[in-house]
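**Student:** To be precise about what I am sending: the file is called target.cif and holds mmCIF, C-alpha atoms (C1' of nucleotides).
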data_target
loop_
_atom_site.group_PDB
_atom_site.id
_atom_site.type_symbol
_atom_site.label_atom_id
_atom_site.label_comp_id
_atom_site.auth_asym_id
_atom_site.auth_seq_id
_atom_site.Cartn_x
_atom_site.Cartn_y
_atom_site.Cartn_z
ATOM 1 C CA MET A 104 -9.434 9.133 -5.263
ATOM 2 C CA ASN A 105 -12.892 8.464 -6.706
ATOM 3 C CA SER A 106 -12.902 10.935 -9.614
ATOM 4 C CA VAL A 107 -10.205 13.470 -10.440
ATOM 5 C CA ARG A 108 -12.748 15.730 -12.106
ATOM 6 C CA ALA A 109 -15.007 15.915 -9.053
ATOM 7 C CA ARG A 110 -12.080 16.741 -6.768
ATOM 8 C CA GLY A 111 -9.872 19.109 -8.724
ATOM 9 C CA GLU A 112 -9.967 21.832 -6.087
ATOM 10 C CA ARG A 113 -9.306 19.401 -3.271
ATOM 11 C CA ILE A 114 -6.373 17.923 -5.145
ATOM 12 C CA ALA A 115 -4.845 21.342 -5.748
ATOM 13 C CA ALA A 116 -5.271 22.304 -2.101
ATOM 14 C CA TRP A 117 -3.794 18.993 -0.995
ATOM 15 C CA LEU A 118 -0.781 19.327 -3.291
ATOM 16 C CA GLU A 119 -0.038 22.777 -1.900
ATOM 17 C CA ARG A 120 -0.534 21.667 1.669
ATOM 18 C CA SER A 121 1.346 18.391 1.460
ATOM 19 C CA ASP A 122 4.276 19.638 -0.610
ATOM 20 C CA VAL A 123 4.976 16.207 -2.149
ATOM 21 C CA ASP A 124 7.437 15.557 -4.958
ATOM 22 C CA VAL A 125 5.532 12.680 -6.532
ATOM 23 C CA VAL A 126 1.971 11.427 -6.199
ATOM 24 C CA ALA A 127 0.425 8.228 -7.550
ATOM 25 C CA ILE A 128 -3.315 8.469 -8.103
ATOM 26 C CA GLN A 129 -5.897 5.752 -8.637
ATOM 27 C CA GLU A 130 -9.540 5.907 -9.696
ATOM 28 C CA THR A 131 -9.366 9.049 -11.777
ATOM 29 C CA LYS A 132 -12.604 7.800 -13.340
ATOM 30 C CA CYS A 133 -12.148 9.559 -16.664
ATOM 31 C CA LYS A 134 -10.884 9.140 -20.186
ATOM 32 C CA ALA A 135 -7.619 10.659 -21.384
ATOM 33 C CA GLU A 136 -9.246 13.702 -22.985
ATOM 34 C CA GLN A 137 -11.253 14.442 -19.827
ATOM 35 C CA PHE A 138 -8.274 14.582 -17.483
ATOM 36 C CA PRO A 139 -7.810 18.006 -15.810
ATOM 37 C CA GLU A 140 -4.102 18.285 -16.490
ATOM 38 C CA GLN A 141 -3.982 21.959 -15.570
ATOM 39 C CA VAL A 142 -4.764 21.189 -11.917
ATOM 40 C CA PHE A 143 -1.275 19.695 -11.765
ATOM 41 C CA THR A 144 0.688 21.812 -14.244
ATOM 42 C CA ASP A 145 -0.464 25.037 -12.575
ATOM 43 C CA LEU A 146 1.351 23.887 -9.453
ATOM 44 C CA GLY A 147 4.530 22.851 -11.243
ATOM 45 C CA TYR A 148 3.848 19.147 -11.639
ATOM 46 C CA GLU A 149 4.219 17.093 -14.775
ATOM 47 C CA VAL A 150 1.534 14.452 -15.020
ATOM 48 C CA ALA A 151 0.973 11.201 -16.893
ATOM 49 C CA HIS A 152 -2.513 9.731 -16.925
ATOM 50 C CA HIS A 153 -4.050 6.559 -18.305
ATOM 51 C CA GLY A 154 -7.825 6.387 -18.530
ATOM 52 C CA LEU A 155 -10.055 4.440 -20.912
ATOM 53 C CA SER A 156 -13.561 5.008 -19.541
ATOM 54 C CA GLN A 157 -15.449 6.270 -16.498
ATOM 55 C CA TRP A 158 -13.983 3.369 -14.523
ATOM 56 C CA ASN A 159 -10.529 2.904 -13.058
ATOM 57 C CA GLY A 160 -7.906 5.351 -14.340
ATOM 58 C CA VAL A 161 -4.403 5.865 -12.936
ATOM 59 C CA ALA A 162 -1.933 8.733 -12.934
ATOM 60 C CA VAL A 163 1.506 9.810 -11.742
ATOM 61 C CA ALA A 164 2.298 13.467 -11.076
ATOM 62 C CA SER A 165 5.813 14.679 -10.331
ATOM 63 C CA ARG A 166 7.788 17.853 -9.788
ATOM 64 C CA VAL A 167 11.123 16.011 -9.887
ATOM 65 C CA GLY A 168 10.918 14.871 -13.479
ATOM 66 C CA LEU A 169 8.673 12.409 -15.251
ATOM 67 C CA ALA A 170 10.125 10.205 -17.973
ATOM 68 C CA ASP A 171 9.672 6.864 -19.733
ATOM 69 C CA VAL A 172 5.928 6.659 -19.182
ATOM 70 C CA GLN A 173 4.651 3.125 -19.524
ATOM 71 C CA VAL A 174 0.975 2.185 -19.731
ATOM 72 C CA GLY A 175 0.369 -1.193 -18.133
ATOM 73 C CA PHE A 176 2.993 -3.776 -17.223
ATOM 74 C CA PRO A 177 4.035 -6.826 -19.269
ATOM 75 C CA GLU A 178 1.296 -9.460 -19.373
ATOM 76 C CA GLN A 179 -1.073 -7.375 -17.263
ATOM 77 C CA PRO A 180 -4.357 -9.307 -17.340
ATOM 78 C CA GLY A 181 -7.476 -7.862 -18.910
ATOM 79 C CA PHE A 182 -11.100 -8.644 -18.228
ATOM 80 C CA GLY A 183 -14.341 -9.291 -20.088
ATOM 81 C CA ASP A 184 -15.544 -11.035 -23.214
ATOM 82 C CA PRO A 185 -13.669 -10.342 -25.321
ATOM 83 C CA VAL A 186 -10.842 -9.779 -22.881
ATOM 84 C CA ALA A 187 -9.933 -6.092 -22.846
ATOM 85 C CA PRO A 188 -7.242 -4.190 -20.977
ATOM 86 C CA GLU A 189 -8.285 -1.913 -18.124
ATOM 87 C CA ALA A 190 -6.647 1.343 -16.991
ATOM 88 C CA ARG A 191 -5.077 -0.011 -13.824
ATOM 89 C CA ALA A 192 -1.327 0.583 -14.130
ATOM 90 C CA ILE A 193 0.962 3.381 -15.233
ATOM 91 C CA GLY A 194 4.665 3.751 -14.575
ATOM 92 C CA ALA A 195 7.062 6.670 -14.852
ATOM 93 C CA THR A 196 10.568 7.473 -13.709
ATOM 94 C CA CYS A 197 10.567 10.399 -11.293
ATOM 95 C CA GLY A 198 13.747 11.615 -9.665
ATOM 96 C CA GLY A 199 15.496 8.326 -10.292
ATOM 97 C CA VAL A 200 12.656 6.196 -8.927
ATOM 98 C CA ARG A 201 10.448 4.018 -11.064
ATOM 99 C CA VAL A 202 7.005 4.912 -9.733
ATOM 100 C CA TRP A 203 4.020 2.697 -10.492
ATOM 101 C CA SER A 204 0.464 3.793 -9.808
ATOM 102 C CA LEU A 205 -1.585 0.614 -9.449
ATOM 103 C CA TYR A 206 -5.275 -0.058 -9.039
ATOM 104 C CA ILE A 207 -5.713 -3.726 -8.258
ATOM 105 C CA PRO A 208 -9.154 -5.102 -9.208
ATOM 106 C CA ASN A 209 -11.686 -5.065 -6.375
ATOM 107 C CA GLY A 210 -12.773 -8.676 -6.679
ATOM 108 C CA ARG A 211 -16.384 -7.896 -5.795
ATOM 109 C CA ALA A 212 -17.288 -11.309 -4.330
ATOM 110 C CA ILE A 213 -15.499 -14.586 -3.814
ATOM 111 C CA ASP A 214 -17.703 -16.369 -6.358
ATOM 112 C CA ASP A 215 -17.416 -13.559 -8.914
ATOM 113 C CA PRO A 216 -15.157 -13.790 -11.978
ATOM 114 C CA HIS A 217 -13.619 -10.511 -10.798
ATOM 115 C CA TYR A 218 -12.164 -12.386 -7.826
ATOM 116 C CA THR A 219 -10.062 -14.731 -9.945
ATOM 117 C CA TYR A 220 -9.218 -11.759 -12.149
ATOM 118 C CA LYS A 221 -7.893 -9.995 -9.045
ATOM 119 C CA LEU A 222 -5.720 -12.971 -8.061
ATOM 120 C CA ARG A 223 -4.424 -13.329 -11.612
ATOM 121 C CA TRP A 224 -3.663 -9.618 -11.715
ATOM 122 C CA LEU A 225 -1.647 -9.720 -8.496
ATOM 123 C CA ASP A 226 0.246 -12.771 -9.711
ATOM 124 C CA ARG A 227 1.213 -11.073 -12.951
ATOM 125 C CA LEU A 228 2.267 -7.976 -11.013
ATOM 126 C CA ARG A 229 4.503 -10.205 -8.903
ATOM 127 C CA ALA A 230 5.986 -11.747 -12.051
ATOM 128 C CA ALA A 231 6.607 -8.341 -13.632
ATOM 129 C CA GLY A 232 8.198 -7.023 -10.455
ATOM 130 C CA ALA A 233 10.418 -10.074 -10.095
ATOM 131 C CA GLU A 234 11.539 -9.625 -13.687
ATOM 132 C CA TRP A 235 12.441 -5.962 -13.125
ATOM 133 C CA LEU A 236 14.556 -6.886 -10.110
ATOM 134 C CA ALA A 237 16.153 -9.820 -11.906
ATOM 135 C CA ARG A 238 17.233 -7.442 -14.637
ATOM 136 C CA ASP A 239 18.510 -4.830 -12.168
ATOM 137 C CA PRO A 240 18.744 -5.818 -8.498
ATOM 138 C CA ALA A 241 19.641 -2.215 -7.623
ATOM 139 C CA ALA A 242 16.557 -0.756 -9.286
ATOM 140 C CA GLN A 243 14.616 1.788 -7.271
ATOM 141 C CA ILE A 244 10.994 0.861 -7.796
ATOM 142 C CA ALA A 245 7.878 1.941 -5.898
ATOM 143 C CA LEU A 246 4.644 -0.017 -6.318
ATOM 144 C CA CYS A 247 2.044 2.456 -5.097
ATOM 145 C CA GLY A 248 -1.687 2.218 -4.966
ATOM 146 C CA ASP A 249 -4.933 0.619 -3.983
ATOM 147 C CA PHE A 250 -4.198 -3.089 -3.613
ATOM 148 C CA ASN A 251 -7.713 -3.925 -2.454
ATOM 149 C CA VAL A 252 -6.263 -6.402 0.018
ATOM 150 C CA ALA A 253 -6.166 -6.111 3.811
ATOM 151 C CA PRO A 254 -3.067 -8.224 4.496
ATOM 152 C CA GLN A 255 -3.572 -8.564 8.244
ATOM 153 C CA ASP A 256 -6.593 -9.010 10.490
ATOM 154 C CA ALA A 257 -5.694 -5.715 12.155
ATOM 155 C CA ASP A 258 -6.136 -3.995 8.790
ATOM 156 C CA VAL A 259 -9.928 -4.100 9.140
ATOM 157 C CA TRP A 260 -11.967 -2.840 12.068
ATOM 158 C CA ASP A 261 -13.774 -6.127 12.649
ATOM 159 C CA MET A 262 -12.880 -9.423 11.023
ATOM 160 C CA ASP A 263 -16.321 -10.846 11.809
ATOM 161 C CA VAL A 264 -17.872 -8.352 9.396
ATOM 162 C CA PHE A 265 -15.635 -9.668 6.616
ATOM 163 C CA GLU A 266 -16.577 -13.306 7.028
ATOM 164 C CA GLY A 267 -17.045 -14.609 3.490
ATOM 165 C CA SER A 268 -15.984 -11.321 1.893
ATOM 166 C CA THR A 269 -13.172 -10.342 -0.392
ATOM 167 C CA HIS A 270 -10.077 -8.380 0.692
ATOM 168 C CA VAL A 271 -9.254 -10.663 3.634
ATOM 169 C CA THR A 272 -9.229 -14.163 2.123
ATOM 170 C CA ALA A 273 -6.123 -16.338 2.270
ATOM 171 C CA PRO A 274 -5.617 -16.405 -1.527
ATOM 172 C CA GLU A 275 -5.720 -12.607 -1.688
ATOM 173 C CA ARG A 276 -3.324 -12.259 1.225
ATOM 174 C CA ASP A 277 -1.030 -14.881 -0.261
ATOM 175 C CA ALA A 278 -1.035 -13.040 -3.584
ATOM 176 C CA PHE A 279 -0.168 -9.779 -1.832
ATOM 177 C CA GLN A 280 2.567 -11.449 0.205
ATOM 178 C CA ALA A 281 4.005 -12.957 -2.977
ATOM 179 C CA VAL A 282 4.616 -9.444 -4.282
ATOM 180 C CA VAL A 283 6.362 -8.603 -1.014
ATOM 181 C CA ASP A 284 8.384 -11.804 -1.193
ATOM 182 C CA ALA A 285 9.442 -10.917 -4.730
ATOM 183 C CA GLY A 286 11.375 -8.052 -3.131
ATOM 184 C CA PHE A 287 8.895 -5.261 -2.519
ATOM 185 C CA ALA A 288 8.689 -4.264 1.127
ATOM 186 C CA ASP A 289 5.828 -2.366 2.731
ATOM 187 C CA VAL A 290 7.632 0.814 3.742
ATOM 188 C CA VAL A 291 4.588 2.383 5.391
ATOM 189 C CA ARG A 292 3.604 -0.116 8.073
ATOM 190 C CA PRO A 293 6.855 0.116 10.054
ATOM 191 C CA TYR A 294 6.139 3.805 10.619
ATOM 192 C CA THR A 295 2.393 3.408 11.097
ATOM 193 C CA PRO A 296 1.838 0.307 13.215
ATOM 194 C CA GLY A 297 -1.755 -0.746 13.796
ATOM 195 C CA PRO A 298 -4.253 -1.722 14.837
ATOM 196 C CA GLY A 299 -6.593 1.030 13.802
ATOM 197 C CA VAL A 300 -4.460 2.563 11.050
ATOM 198 C CA TYR A 301 -6.596 2.653 7.914
ATOM 199 C CA THR A 302 -6.438 4.181 4.454
ATOM 200 C CA TYR A 303 -10.045 3.669 3.392
ATOM 201 C CA TRP A 304 -13.419 4.276 5.018
ATOM 202 C CA ASP A 305 -16.718 3.522 3.332
ATOM 203 C CA TYR A 306 -18.997 6.484 2.661
ATOM 204 C CA LYS A 307 -21.870 4.552 4.183
ATOM 205 C CA GLY A 308 -22.949 4.230 7.767
ATOM 206 C CA LEU A 309 -20.731 6.799 9.454
ATOM 207 C CA ALA A 310 -17.758 4.548 8.844
ATOM 208 C CA PHE A 311 -15.180 7.306 9.184
ATOM 209 C CA PRO A 312 -16.253 8.867 12.476
ATOM 210 C CA LYS A 313 -16.843 5.377 13.829
ATOM 211 C CA ARG A 314 -13.315 4.455 12.805
ATOM 212 C CA LYS A 315 -14.507 1.526 10.726
ATOM 213 C CA GLY A 316 -11.832 1.501 8.057
ATOM 214 C CA MET A 317 -9.460 -0.712 6.139
ATOM 215 C CA ARG A 318 -5.771 -0.568 5.335
ATOM 216 C CA ILE A 319 -5.672 -1.454 1.656
ATOM 217 C CA ASP A 320 -3.416 1.212 0.106
ATOM 218 C CA PHE A 321 0.301 0.569 0.125
ATOM 219 C CA VAL A 322 3.705 1.681 -1.052
ATOM 220 C CA LEU A 323 5.892 -1.349 -1.710
ATOM 221 C CA ALA A 324 9.541 -0.550 -2.356
ATOM 222 C CA SER A 325 12.344 -2.495 -4.010
ATOM 223 C CA PRO A 326 15.364 -3.247 -1.774
ATOM 224 C CA ALA A 327 17.431 -0.292 -2.991
ATOM 225 C CA LEU A 328 14.538 2.099 -2.471
ATOM 226 C CA ALA A 329 13.331 0.587 0.796
ATOM 227 C CA ARG A 330 16.753 1.294 2.296
ATOM 228 C CA ARG A 331 16.090 5.011 1.766
ATOM 229 C CA ALA A 332 12.726 5.026 3.529
ATOM 230 C CA ALA A 333 12.871 7.544 6.354
ATOM 231 C CA GLY A 334 9.251 7.908 7.406
ATOM 232 C CA ALA A 335 5.632 7.347 6.443
ATOM 233 C CA SER A 336 2.145 8.396 7.432
ATOM 234 C CA VAL A 337 -1.505 8.284 6.439
ATOM 235 C CA ASP A 338 -3.087 11.681 5.885
ATOM 236 C CA ARG A 339 -6.282 10.969 7.797
ATOM 237 C CA GLU A 340 -7.211 14.662 7.765
ATOM 238 C CA GLU A 341 -7.848 14.489 4.026
ATOM 239 C CA ARG A 342 -10.718 12.049 4.597
ATOM 240 C CA LYS A 343 -12.599 14.789 6.455
ATOM 241 C CA GLY A 344 -14.822 17.522 5.143
ATOM 242 C CA LYS A 345 -17.122 18.059 2.208
ATOM 243 C CA GLY A 346 -16.236 16.259 -0.989
ATOM 244 C CA ALA A 347 -13.607 13.952 0.455
ATOM 245 C CA SER A 348 -12.542 10.790 -1.329
ATOM 246 C CA ASP A 349 -13.208 7.559 0.537
ATOM 247 C CA HIS A 350 -9.443 6.900 0.545
ATOM 248 C CA ALA A 351 -6.819 8.893 2.438
ATOM 249 C CA PRO A 352 -3.413 9.735 0.952
ATOM 250 C CA VAL A 353 -0.442 7.622 2.053
ATOM 251 C CA PHE A 354 2.893 9.411 2.430
ATOM 252 C CA VAL A 355 6.415 8.027 2.351
ATOM 253 C CA GLU A 356 9.529 10.071 2.887
ATOM 254 C CA PHE A 357 12.761 8.906 1.289
ATOM 255 C CA ALA A 358 16.219 10.100 2.226
ATOM 256 C CA SER A 359 18.138 11.613 -0.659
ATOM 257 C CA GLY A 360 20.361 9.093 -2.208
ATOM 258 C "C1'" DA B 177 -14.929 16.941 15.581
ATOM 259 C "C1'" DT B 178 -17.368 14.480 12.264
ATOM 260 C "C1'" DG B 179 -21.096 13.444 9.107
ATOM 261 C "C1'" DG B 180 -25.432 10.276 7.852
ATOM 262 C "C1'" DC B 181 -22.979 7.048 0.169
ATOM 263 C "C1'" DA B 182 -20.904 9.105 -4.101
ATOM 264 C "C1'" DA B 183 -19.708 9.553 -8.922
ATOM 265 C "C1'" DA B 184 -19.914 7.839 -13.448
ATOM 266 C "C1'" DC B 185 -23.195 7.316 -17.286
ATOM 267 C "C1'" DC B 186 -27.100 10.992 -18.680
ATOM 268 C "C1'" DA B 187 -31.759 12.536 -17.463
ATOM 269 C "C1'" DA B 188 -34.204 7.645 -14.492
ATOM 270 C "C1'" DG B 189 -32.025 4.367 -12.769
ATOM 271 C "C1'" DT B 190 -28.031 1.302 -12.992
ATOM 272 C "C1'" DT B 191 -23.169 0.227 -12.164
ATOM 273 C "C1'" DT B 192 -19.262 0.335 -9.406
ATOM 274 C "C1'" DG B 193 -16.794 0.528 -5.279
ATOM 275 C "C1'" DA B 194 -14.885 -2.843 -0.767
#
What's the structure tokens form of this structure?

**Tutor:**
Amino acid sequence: MNSVRARGERIAAWLERSDVDVVAIQETKCKAEQFPEQVFTDLGYEVAHHGLSQWNGVAVASRVGLADVQVGFPEQPGFGDPVAPEARAIGATCGGVRVWSLYIPNGRAIDDPHYTYKLRWLDRLRAAGAEWLARDPAAQIALCGDFNVAPQDADVWDMDVFEGSTHVTAPERDAFQAVVDAGFADVVRPYTPGPGVYTYWDYKGLAFPKRKGMRIDFVLASPALARRAAGASVDREERKGKGASDHAPVFVEFASG
DNA sequence: ATGGCAAACCAAGTTTGA
């Protein structure tokens, strides 16, 4: 969302308008003590946030319960010298669903150390997810967030522009698909077929009105949860107006079960 | 109808994002 502090009023208005039970947020861009918890609690949501610096930051807010908060997943890679963890994953159980808010590393450039970090990160996410399902094949798990991968050519407005860039390379797409193959289905795409369905538009160059976007935000659901999926959409309206994030919210509706 | 980068650090300019 590109800063939770800069968009408190927009978040509150969106929560009231959208009437969601659970929301997974990425890029809060603040430390724990800076998080505006009251924005959520005032509207009846419990919230769990993980932030270490002005970068990254992830949160889960819920009005259907929020329990067993977990910061990071097992063997989640870190970055830097010395290697340090980053605030890119938080999990909580909300209404019987294990909800993960995930902010996959950007990758920056194909020859940048952040690119291999990104691939390593996705691989460890796959391993963690596979382990959760091995332990409980009936687990209801949602992997939500900014994956920073456009899995299909139709997920960017023009593949020629992305020649030599991150987000569309075969290793990134393979790493994303490996998470899917581990048992986590994209429950949004079936209800929002492309081309031209995006979740992110750059601030620069009139990207939004020109419809130059990318589909990089996903909700991947375990088999037991995916069976309950009843609808999905991208809230393109929220990208409009003053003070919008460069990402749009992604909705999924699940049948009670 | 929309919006021409934005937000973090912190006080100028760099880093990050994708």

**Student:** Pull out every residue of chain B that has at least one atom within 9 Å of chain A, counting all atoms listed in the file, and report them as a count of residues only.

**Tutor:** 12

**Student:** How many Å separate atom CA of A:Arg238 from atom CA of A:Ala335?

**Tutor:**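 Between atom CA of A:Arg238 and atom CA of A:Ala335 the gap is 28.2 Å.
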
**Student:** Identify which of the residues A:Asp258, A:Asp184, A:Glu356, A:Glu130 lies closest to A:Tyr294, counting all atoms listed in the file when measuring atom-to-atom distances.

**Tutor:** A:Glu356

**Student:** Around (1.1, 9.6, -9.2) in the file's own coordinates, what residues are found within 7 Å if you use only C-alpha atoms (C1' of nucleotides), given back as a ChimeraX atom specification?

**Tutor:** /A:125-128,162-164,204

**Student:** As lines of an AutoDock Vina configuration file, please: the centre and edge lengths in Å, to one decimal, of an axis-aligned box enclosing every listed atom of chain B with 8 Å added on each side.

**Tutor:**
center_x = -24.5
center_y = 7.0
center_z = -1.5
size_x = 35.3
size_y = 35.8
size_z = 50.3

**Student:** Residues within 8 Å of A:Trp260, please, as an MDAnalysis selection string. Count all atoms listed in the file; anything in the same chain fewer than 4 positions from it doesn't count.

**Tutor:** chainID A and resid 299 314:317

**Student:** Please produce a file of the residues just selected, as a short mmCIF file (atom, residue, chain, number, x, y, z; two decimals), keeping the file's coordinate frame, where the atoms kept are C-alpha atoms.

**Tutor:**
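Output below, filename again.cif:
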data_model
loop_
_atom_site.label_atom_id
_atom_site.label_comp_id
_atom_site.auth_asym_id
_atom_site.auth_seq_id
_atom_site.Cartn_x
_atom_site.Cartn_y
_atom_site.Cartn_z
CA GLY A 299 -6.59 1.03 13.80
CA ARG A 314 -13.32 4.46 12.80
CA LYS A 315 -14.51 1.53 10.73
CA GLY A 316 -11.83 1.50 8.06
CA MET A 317 -9.46 -0.71 6.14
#

**Student:** Between atom CA of A:Thr295 and atom CA of A:Ala351, what is the spacing in Å?

**Tutor:** 13.8 Å

**Student:** Since the input is missing atoms for stretch 334-354 of chain A, could you rebuild it with N, CA, C and O atoms and give the result as a short mmCIF file (atom, residue, chain, number, x, y, z; two decimals), in the coordinates of the input?

**Tutor:**
data_model
loop_
_atom_site.label_atom_id
_atom_site.label_comp_id
_atom_site.auth_asym_id
_atom_site.auth_seq_id
_atom_site.Cartn_x
_atom_site.Cartn_y
_atom_site.Cartn_z
N GLY A 334 10.46 7.59 6.67
CA GLY A 334 9.25 7.91 7.41
C GLY A 334 8.03 7.68 6.54
O GLY A 334 8.15 7.59 5.31
N ALA A 335 6.88 7.55 7.18
CA ALA A 335 5.63 7.35 6.44
C ALA A 335 4.46 7.74 7.33
O ALA A 335 4.58 7.75 8.56
N SER A 336 3.34 8.04 6.67
CA SER A 336 2.14 8.40 7.43
C SER A 336 0.93 8.26 6.54
O SER A 336 1.04 8.16 5.32
N VAL A 337 -0.24 8.23 7.16
CA VAL A 337 -1.50 8.28 6.44
C VAL A 337 -2.15 9.62 6.76
O VAL A 337 -2.29 9.99 7.93
N ASP A 338 -2.53 10.34 5.70
CA ASP A 338 -3.09 11.68 5.88
C ASP A 338 -4.58 11.58 6.17
O ASP A 338 -5.43 11.87 5.32
N ARG A 339 -4.90 11.19 7.39
CA ARG A 339 -6.28 10.97 7.80
C ARG A 339 -7.13 12.25 7.70
O ARG A 339 -8.34 12.19 7.48
N GLU A 340 -6.49 13.39 7.83
CA GLU A 340 -7.21 14.66 7.76
C GLU A 340 -7.93 14.84 6.42
O GLU A 340 -8.98 15.46 6.35
N GLU A 341 -7.31 14.28 5.37
CA GLU A 341 -7.85 14.49 4.03
C GLU A 341 -9.14 13.71 3.81
O GLU A 341 -9.87 13.97 2.84
N ARG A 342 -9.45 12.79 4.71
CA ARG A 342 -10.72 12.05 4.60
C ARG A 342 -11.88 12.88 5.16
O ARG A 342 -13.04 12.53 4.98
N LYS A 343 -11.57 13.96 5.83
CA LYS A 343 -12.60 14.79 6.46
C LYS A 343 -13.15 15.83 5.48
O LYS A 343 -12.54 16.13 4.46
N GLY A 344 -14.30 16.37 5.85
CA GLY A 344 -14.82 17.52 5.14
C GLY A 344 -15.66 17.18 3.93
O GLY A 344 -15.75 16.04 3.50
N LYS A 345 -16.24 18.21 3.36
CA LYS A 345 -17.12 18.06 2.21
C LYS A 345 -16.32 17.64 0.98
O LYS A 345 -15.28 18.20 0.69
N GLY A 346 -16.86 16.66 0.27
CA GLY A 346 -16.24 16.26 -0.99
C GLY A 346 -14.98 15.44 -0.85
O GLY A 346 -14.16 15.39 -1.77
N ALA A 347 -14.80 14.77 0.28
CA ALA A 347 -13.61 13.95 0.46
C ALA A 347 -13.73 12.66 -0.34
O ALA A 347 -14.82 12.13 -0.55
N SER A 348 -12.59 12.15 -0.79
CA SER A 348 -12.54 10.79 -1.33
C SER A 348 -12.77 9.81 -0.19
O SER A 348 -12.67 10.17 0.99
N ASP A 349 -13.08 8.57 -0.53
CA ASP A 349 -13.21 7.56 0.54
C ASP A 349 -11.84 6.96 0.92
O ASP A 349 -11.75 6.21 1.90
N HIS A 350 -10.81 7.30 0.18
CA HIS A 350 -9.44 6.90 0.55
C HIS A 350 -8.67 8.10 1.08
O HIS A 350 -8.91 9.23 0.66
N ALA A 351 -7.71 7.84 1.95
CA ALA A 351 -6.82 8.89 2.44
C ALA A 351 -5.44 8.72 1.79
O ALA A 351 -5.01 7.60 1.54
N PRO A 352 -4.75 9.83 1.54
CA PRO A 352 -3.41 9.74 0.95
C PRO A 352 -2.42 9.05 1.90
O PRO A 352 -2.49 9.22 3.12
N VAL A 353 -1.52 8.28 1.30
CA VAL A 353 -0.44 7.62 2.05
C VAL A 353 0.88 8.28 1.66
O VAL A 353 1.19 8.40 0.47
N PHE A 354 1.61 8.73 2.67
CA PHE A 354 2.89 9.41 2.43
C PHE A 354 4.07 8.48 2.75
O PHE A 354 4.02 7.73 3.72
#
